[in-house]
file structure.cif (mmCIF, C-alpha atoms and all ligand atoms)
data_run
#
loop_
_atom_site.label_atom_id
_atom_site.label_comp_id
_atom_site.auth_asym_id
_atom_site.auth_seq_id
_atom_site.Cartn_x
_atom_site.Cartn_y
_atom_site.Cartn_z
CA MET A 549 -19.45 23.31 -26.55
CA GLY A 550 -18.60 20.08 -24.70
CA ALA A 551 -20.88 18.15 -22.36
CA THR A 552 -19.15 19.65 -19.34
CA ASP A 553 -19.91 23.18 -20.53
CA THR A 554 -23.59 22.54 -21.23
CA GLN A 555 -24.13 20.82 -17.88
CA ALA A 556 -22.36 23.28 -15.58
CA PRO A 557 -22.08 26.73 -17.18
CA ALA A 558 -19.18 28.98 -16.22
CA GLY A 559 -19.97 30.84 -13.03
CA ALA A 560 -22.51 28.23 -11.88
CA ALA A 561 -22.55 27.54 -8.13
CA LEU A 562 -19.75 25.13 -7.31
CA PRO A 563 -19.87 22.90 -4.25
CA ARG A 564 -17.11 23.59 -1.75
CA HIS A 565 -17.19 20.00 -0.61
CA VAL A 566 -18.33 16.86 -2.45
CA ALA A 567 -18.96 13.55 -0.65
CA ILE A 568 -19.26 10.32 -2.64
CA ILE A 569 -20.45 6.77 -1.97
CA MET A 570 -18.64 4.75 -4.63
CA ASP A 571 -21.09 1.87 -5.09
CA GLY A 572 -21.43 -0.83 -7.74
CA ASN A 573 -17.92 -2.27 -8.11
CA GLY A 574 -19.02 -5.81 -7.28
CA ARG A 575 -21.92 -5.78 -9.74
CA TRP A 576 -19.71 -4.26 -12.45
CA ALA A 577 -17.35 -7.23 -12.09
CA GLU A 578 -20.07 -9.87 -11.76
CA GLN A 579 -21.78 -8.60 -14.94
CA ARG A 580 -18.52 -9.41 -16.76
CA GLY A 581 -17.99 -12.80 -15.13
CA LEU A 582 -15.06 -11.40 -13.13
CA ALA A 583 -14.22 -11.67 -9.44
CA ARG A 584 -15.62 -8.76 -7.38
CA HIS A 585 -12.12 -7.56 -6.71
CA ALA A 586 -11.71 -6.71 -10.41
CA GLY A 587 -14.50 -4.16 -9.92
CA HIS A 588 -12.76 -2.59 -6.93
CA LYS A 589 -9.53 -2.29 -8.95
CA GLN A 590 -11.44 -0.78 -11.83
CA GLY A 591 -12.73 1.86 -9.41
CA ILE A 592 -9.30 3.33 -8.79
CA PRO A 593 -9.02 5.35 -12.05
CA ILE A 594 -12.46 6.79 -11.27
CA VAL A 595 -11.19 7.95 -7.87
CA ARG A 596 -8.27 9.58 -9.69
CA MET A 597 -10.63 11.30 -12.16
CA CYS A 598 -12.75 12.75 -9.34
CA ILE A 599 -9.66 14.09 -7.57
CA GLU A 600 -8.38 15.64 -10.81
CA GLU A 601 -11.76 17.20 -11.56
CA CYS A 602 -11.98 18.71 -8.06
CA VAL A 603 -8.48 20.16 -8.38
CA ARG A 604 -9.15 21.45 -11.91
CA ARG A 605 -12.47 23.05 -10.97
CA GLY A 606 -11.34 24.51 -7.65
CA ILE A 607 -13.53 22.35 -5.41
CA GLY A 608 -11.76 22.50 -2.05
CA ALA A 609 -12.80 19.25 -0.39
CA LEU A 610 -13.67 15.71 -1.47
CA THR A 611 -14.69 12.89 0.88
CA LEU A 612 -14.86 9.32 -0.43
CA PHE A 613 -16.55 6.40 1.32
CA ALA A 614 -14.13 3.55 0.59
CA PHE A 615 -14.88 1.08 3.43
CA SER A 616 -17.66 1.26 5.99
CA SER A 617 -17.71 -0.10 9.53
CA GLU A 618 -20.27 -2.61 8.19
CA ASN A 619 -18.03 -3.74 5.29
CA TRP A 620 -15.95 -5.79 7.78
CA ARG A 621 -18.78 -8.34 7.58
CA ARG A 622 -17.98 -9.10 3.91
CA PRO A 623 -16.19 -12.37 3.03
CA GLU A 624 -12.70 -12.41 4.52
CA ALA A 625 -11.03 -12.73 1.10
CA GLU A 626 -12.78 -9.60 -0.25
CA VAL A 627 -11.91 -7.59 2.87
CA SER A 628 -8.29 -8.67 2.64
CA GLN A 629 -8.07 -7.81 -1.08
CA LEU A 630 -9.62 -4.41 -0.42
CA MET A 631 -7.11 -3.68 2.37
CA THR A 632 -4.23 -4.62 0.04
CA LEU A 633 -5.73 -2.36 -2.63
CA PHE A 634 -5.86 0.54 -0.16
CA VAL A 635 -2.21 0.04 0.85
CA GLU A 636 -1.04 -0.23 -2.77
CA SER A 637 -3.13 2.74 -3.92
CA ILE A 638 -1.79 4.97 -1.17
CA GLU A 639 1.81 3.91 -1.90
CA ARG A 640 1.37 4.51 -5.63
CA GLU A 641 -0.74 7.70 -5.64
CA VAL A 642 0.61 9.80 -2.77
CA PRO A 643 3.64 11.27 -4.61
CA GLU A 644 1.35 12.65 -7.35
CA LEU A 645 -1.28 13.80 -4.85
CA HIS A 646 1.43 15.64 -2.94
CA ALA A 647 2.85 17.21 -6.13
CA ASN A 648 -0.64 18.52 -6.92
CA GLY A 649 -1.24 20.12 -3.53
CA VAL A 650 -3.67 17.50 -2.19
CA ARG A 651 -3.84 16.88 1.56
CA LEU A 652 -4.87 13.29 2.29
CA ARG A 653 -6.57 12.29 5.51
CA VAL A 654 -8.31 9.11 6.56
CA ILE A 655 -11.52 9.37 8.56
CA GLY A 656 -12.84 6.38 10.49
CA ASP A 657 -11.86 3.99 13.24
CA ARG A 658 -8.25 3.70 12.08
CA HIS A 659 -7.21 1.46 14.99
CA THR A 660 -9.23 -1.35 13.40
CA LEU A 661 -7.08 -1.20 10.24
CA GLY A 662 -4.06 -3.45 9.77
CA VAL A 663 -0.68 -2.14 10.99
CA ARG A 664 0.72 -1.80 7.47
CA LEU A 665 -2.25 0.27 6.28
CA GLN A 666 -2.14 2.37 9.46
CA ALA A 667 1.55 3.08 8.83
CA ARG A 668 0.98 4.06 5.15
CA VAL A 669 -1.91 6.31 6.19
CA ALA A 670 0.14 8.03 8.89
CA GLU A 671 3.04 8.62 6.45
CA ALA A 672 0.72 9.96 3.73
CA GLU A 673 -1.08 12.26 6.16
CA HIS A 674 2.22 13.58 7.47
CA GLU A 675 3.73 14.11 4.02
CA THR A 676 0.69 15.98 2.63
CA ARG A 677 -0.34 17.83 5.82
CA ALA A 678 0.56 21.33 4.59
CA ASN A 679 -1.16 21.06 1.20
CA THR A 680 -4.11 23.37 0.64
CA ARG A 681 -5.39 22.85 -2.92
CA LEU A 682 -7.73 19.94 -2.13
CA ALA A 683 -8.62 18.35 1.20
CA LEU A 684 -9.13 14.67 0.34
CA GLN A 685 -10.76 12.51 3.01
CA VAL A 686 -10.89 8.75 2.51
CA ALA A 687 -13.37 7.06 4.85
CA LEU A 688 -11.97 3.70 5.99
CA SER A 689 -13.71 1.65 8.66
CA TYR A 690 -16.04 4.64 8.96
CA GLY A 691 -19.63 4.83 10.15
CA GLY A 692 -21.69 7.97 10.76
CA ARG A 693 -23.03 6.59 14.04
CA TRP A 694 -19.51 5.66 15.15
CA ASP A 695 -18.41 9.22 14.36
CA ILE A 696 -21.22 10.74 16.45
CA LEU A 697 -20.43 8.33 19.30
CA GLN A 698 -16.69 9.06 19.31
CA ALA A 699 -17.44 12.81 19.32
CA THR A 700 -19.91 12.38 22.18
CA ARG A 701 -17.38 10.34 24.15
CA SER A 702 -14.63 12.95 23.74
CA LEU A 703 -16.97 15.79 24.79
CA ALA A 704 -18.22 13.75 27.76
CA GLN A 705 -14.61 13.20 28.84
CA ALA A 706 -13.95 16.95 28.58
CA VAL A 707 -17.01 17.65 30.73
CA ALA A 708 -15.97 14.97 33.25
CA SER A 709 -12.48 16.46 33.52
CA GLY A 710 -13.90 19.94 34.07
CA SER A 711 -12.43 21.51 30.90
CA LEU A 712 -15.85 21.93 29.26
CA ARG A 713 -19.28 22.89 30.57
CA ALA A 714 -22.17 20.75 29.28
CA ALA A 715 -24.11 23.97 28.64
CA ASP A 716 -21.37 25.10 26.20
CA ILE A 717 -21.85 22.14 23.86
CA ASP A 718 -23.44 23.61 20.76
CA GLU A 719 -23.50 22.56 17.09
CA SER A 720 -20.19 24.20 16.38
CA ARG A 721 -18.40 22.51 19.28
CA PHE A 722 -19.98 19.18 18.46
CA GLY A 723 -18.97 19.51 14.79
CA ALA A 724 -15.41 20.22 15.89
CA ALA A 725 -15.29 16.84 17.63
CA LEU A 726 -16.34 14.96 14.49
CA GLU A 727 -13.98 13.48 11.90
CA LEU A 728 -14.64 16.28 9.38
CA ALA A 729 -13.72 19.00 11.89
CA GLY A 730 -12.48 22.15 10.20
CA LEU A 731 -14.14 21.42 6.84
CA PRO A 732 -17.40 22.86 5.54
CA ASP A 733 -20.24 20.34 5.47
CA PRO A 734 -20.57 18.61 2.08
CA ASP A 735 -22.67 20.69 -0.32
CA LEU A 736 -23.14 17.80 -2.73
CA PHE A 737 -23.50 14.07 -2.01
CA ILE A 738 -23.16 11.65 -4.92
CA ARG A 739 -24.03 7.94 -4.77
CA THR A 740 -23.46 5.66 -7.72
CA GLY A 741 -24.79 2.11 -8.13
CA GLY A 742 -28.55 2.64 -8.00
CA GLU A 743 -29.30 2.63 -4.24
CA ARG A 744 -31.02 5.73 -2.84
CA ARG A 745 -29.74 5.82 0.73
CA ILE A 746 -27.05 7.35 2.93
CA SER A 747 -25.85 4.01 4.40
CA ASN A 748 -24.42 5.40 7.65
CA PHE A 749 -22.12 7.89 5.86
CA LEU A 750 -21.59 11.38 7.37
CA LEU A 751 -24.89 11.44 9.28
CA TRP A 752 -24.32 14.75 11.09
CA ASN A 753 -22.59 16.55 8.22
CA LEU A 754 -25.15 15.69 5.51
CA ALA A 755 -28.02 17.52 7.25
CA TYR A 756 -28.42 20.14 4.48
CA THR A 757 -26.44 18.48 1.70
CA GLU A 758 -27.93 18.22 -1.79
CA LEU A 759 -28.31 14.53 -2.69
CA TRP A 760 -27.66 13.17 -6.20
CA PHE A 761 -28.07 9.53 -7.14
CA THR A 762 -27.24 7.66 -10.32
CA ASP A 763 -27.75 4.07 -11.47
CA VAL A 764 -24.29 4.16 -13.11
CA LEU A 765 -21.92 1.70 -11.42
CA TRP A 766 -18.78 3.25 -9.93
CA PRO A 767 -16.29 1.84 -12.50
CA ASP A 768 -18.46 3.41 -15.27
CA PHE A 769 -18.77 6.80 -13.54
CA GLY A 770 -17.02 9.09 -16.01
CA VAL A 771 -16.11 12.74 -16.24
CA ASP A 772 -19.44 13.55 -17.95
CA ALA A 773 -21.44 11.95 -15.13
CA PHE A 774 -19.46 13.97 -12.57
CA ALA A 775 -20.18 17.13 -14.60
CA GLU A 776 -23.87 16.17 -14.70
CA ALA A 777 -23.96 15.93 -10.89
CA LEU A 778 -22.29 19.34 -10.60
CA GLY A 779 -24.71 20.80 -13.16
CA CYS A 780 -27.67 19.45 -11.21
CA PHE A 781 -26.22 20.90 -7.99
CA ALA A 782 -25.90 24.33 -9.65
CA SER A 783 -29.61 24.28 -10.50
CA ARG A 784 -30.80 23.48 -6.96
CA GLU A 785 -32.29 26.17 -4.73
CA ARG A 786 -30.78 25.77 -1.27
CA ARG A 787 -32.93 27.32 1.43
CA PHE A 788 -31.51 25.91 4.70
CA GLY A 789 -34.96 26.12 6.32
CA LEU A 790 -35.71 29.67 5.10
CA THR A 791 -38.28 30.69 2.48
CA GLY A 792 -37.16 31.33 -1.10
CA ALA A 793 -37.89 35.06 -0.63
CA GLN A 794 -35.73 35.21 2.51
CA ARG A 795 -32.85 33.49 0.69
CA GLY A 796 -33.19 35.92 -2.22
CA ALA A 797 -33.12 38.92 0.13
CA ALA A 798 -30.06 37.53 1.97
CA ALA A 799 -28.23 36.94 -1.32
CA SER A 800 -28.83 40.49 -2.58
CA ALA A 801 -28.03 42.18 0.78
C1 LIG A 901 -18.75 -0.54 -3.01
O1 LIG A 901 -19.09 -1.36 -4.10
C2 LIG A 901 -17.32 -0.25 -3.03
C3 LIG A 901 -16.43 -0.59 -2.05
C4 LIG A 901 -16.84 -1.29 -0.82
C5 LIG A 901 -15.00 -0.30 -2.20
C6 LIG A 901 -14.72 1.01 -2.88
C7 LIG A 901 -13.26 1.18 -2.99
C8 LIG A 901 -12.61 1.70 -4.07
C9 LIG A 901 -13.29 2.18 -5.29
C10 LIG A 901 -11.15 1.86 -3.98
C11 LIG A 901 -10.87 3.23 -3.45
C12 LIG A 901 -9.49 3.31 -2.98
C13 LIG A 901 -8.96 4.40 -2.39
C14 LIG A 901 -7.57 4.34 -1.88
C15 LIG A 901 -9.73 5.63 -2.20
P1 LIG A 901 -19.75 -2.77 -3.80
O2 LIG A 901 -18.66 -3.77 -3.64
O3 LIG A 901 -20.69 -2.64 -2.64
O4 LIG A 901 -20.54 -3.02 -5.13
P2 LIG A 901 -21.91 -3.83 -5.27
O5 LIG A 901 -22.96 -2.99 -4.61
O6 LIG A 901 -22.08 -3.88 -6.75
O7 LIG A 901 -21.72 -5.17 -4.64
#
call {"tool": "encode", "arguments": {"input": "structure.cif", "output": "structure tokens", "more": "lines below"}}
Ligand code: FPP
result
Amino acid sequence: MGATDTQAPAGAALPRHVAIIMDGNGRWAEQRGLARHAGHKQGIPIVRMCIEECVRRGIGALTLFAFSSENWRRPEAEVSQLMTLFVESIEREVPELHANGVRLRVIGDRHTLGVRLQARVAEAEHETRANTRLALQVALSYGGRWDILQATRSLAQAVASGSLRAADIDESRFGAALELAGLPDPDLFIRTGGERRISNFLLWNLAYTELWFTDVLWPDFGVDAFAEALGCFASRERRFGLTGAQRGAAASA
């Protein structure tokens, strides 16, 4: 029996949606005396592995934090290299993503991205829009507070124009104005690289998400580590504010 089998037995609860903060690229490179960008490049095959694992296992949605609204404050050269890496990765990977039924969408403040990246994103989203096997969200220039603000602004505009009553704004309507509209909230959040925080990722959507942290740096995050996170998720009792007995009764009803 392989590591994958021992860590997540067949039939174990599978997350419908996994969200990942891919941290540790810079340190991975610095530990080897390389430029930080080498770590970002080394992270690409790990992104591919996670996508393949989600498709293979039947996980319907994967959201990756690739560039935060705060990452703009990094040195200009690193930002520019990252943007080039995003353009090149999209150009190179989209044909295979499309062939495998993956729908790609970017979440975040896309107007702050360069015109070339915006164009590649728009093309990739259009080409893969009808795919249903995996919904892949790449967060670029994304911040959880920004997301809540843009949703609030759009609902306020609807109220101001008379198409929505303030009293009708509930969790469901608010969720529908956020970037992850139409997707289930992440069931499992993974963060590599040793930090134990959310760092302004999907603040609204992570309310009841199971959190899993590892010290492993992103370029070293392998298929066994992903299986370990899934195995840990399968062993968690999710109560959503209810008692264990209530959850048990609901499950057997
Ligand atoms: C955080 O590590 C990582 C990033 C800011 C970039 C992550 C991007 C990729 C892995 C490429 C993904 C590409 C696509 C198209 C999805 P860090 O630089 O903060 O590492 P450190 O904490 O060690 O400094």
call {"tool": "closest_residue", "arguments": {"input": "structure.cif", "among": "A:Asp657, A:Glu758, A:Glu600, A:Glu673", "to": "Ile638 of chain A", "atoms": "all atoms listed in the file"}}
result
A:Glu673
call {"tool": "atom_distance", "arguments": {"input": "structure.cif", "atom1": "atom CA of Leu652 of chain A", "atom2": "atom CA of Glu743 of chain A"}}
result
27.4 Å
call {"tool": "residues_around", "arguments": {"input": "structure.cif", "residues": "Ala672 of chain A", "least_positions_apart": "4", "cutoff": "12 Å", "atoms": "all atoms listed in the file", "output": "ChimeraX atom specification"}}
result
/A:635,637-646,650-654,665-668,676-679,684-686
call {"tool": "residues_around", "arguments": {"input": "structure.cif", "residues": "segment 761-763 of chain A", "least_positions_apart": "4", "cutoff": "10 Å", "atoms": "all atoms listed in the file", "output": "NGL selection string"}}
result
:A and (568-569 or 571-572 or 737-745 or 769 or 773 or 777)
call {"tool": "atom_distance", "arguments": {"input": "structure.cif", "atom1": "atom CA of Arg784 of chain A", "atom2": "atom CA of Arg605 of chain A"}}
result
18.8 Å
call {"tool": "atom_distance", "arguments": {"input": "structure.cif", "atom1": "atom CA of Thr660 of chain A", "atom2": "atom CA of Val707 of chain A"}}
result
26.9 Å
call {"tool": "residues_near_ligand", "arguments": {"input": "structure.cif", "ligand": "ligand LIG 901 (chain A)", "cutoff": "9 Å", "atoms": "all atoms listed in the file", "output": "ChimeraX atom specification"}}
result
/A:569-578,584-585,587-596,612-616,619,626-627,630,633-638,641,685-688,741-743,765-767
call {"tool": "closest_residue", "arguments": {"input": "structure.cif", "among": "A:Ala798, A:Trp760, A:Gly608, A:His565", "to": "Cys780 of chain A", "atoms": "all atoms listed in the file"}}
result
A:Trp760
call {"tool": "closest_residue", "arguments": {"input": "structure.cif", "among": "A:Ala567, A:Leu731, A:Ala725, A:Ile655", "to": "Val669 of chain A", "atoms": "only C-alpha atoms"}}
result
A:Ile655
call {"tool": "residues_around", "arguments": {"input": "structure.cif", "residues": "Thr700 of chain A", "least_positions_apart": "2", "cutoff": "12 Å", "atoms": "all atoms listed in the file", "output": "PyMOL selection string"}}
result
chain A and resi 693-698+702-707+714+717-719+721-727
call {"tool": "closest_residue", "arguments": {"input": "structure.cif", "among": "A:Gly581, A:Gly710, A:Arg622, A:Met597", "to": "Asp768 of chain A", "atoms": "only C-alpha atoms"}}
result
A:Met597
call {"tool": "residues_around", "arguments": {"input": "structure.cif", "residues": "Phe788 of chain A", "least_positions_apart": "5", "cutoff": "10 Å", "atoms": "all atoms listed in the file", "output": "ChimeraX atom specification"}}
result
/A:755-757,795
call {"tool": "axis_aligned_box", "arguments": {"input": "structure.cif", "around": "segment 682-685 of chain A", "padding_each_side": "3 Å", "output": "lines of an AutoDock Vina configuration file"}}
result
center_x = -9.2
center_y = 16.2
center_z = 0.4
size_x = 9.0
size_y = 13.4
size_z = 11.1
call {"tool": "closest_residue", "arguments": {"input": "structure.cif", "among": "A:Gly649, A:Gly692, A:Pro563, A:Gly770", "to": "Ile746 of chain A", "atoms": "all atoms listed in the file"}}
result
A:Gly692
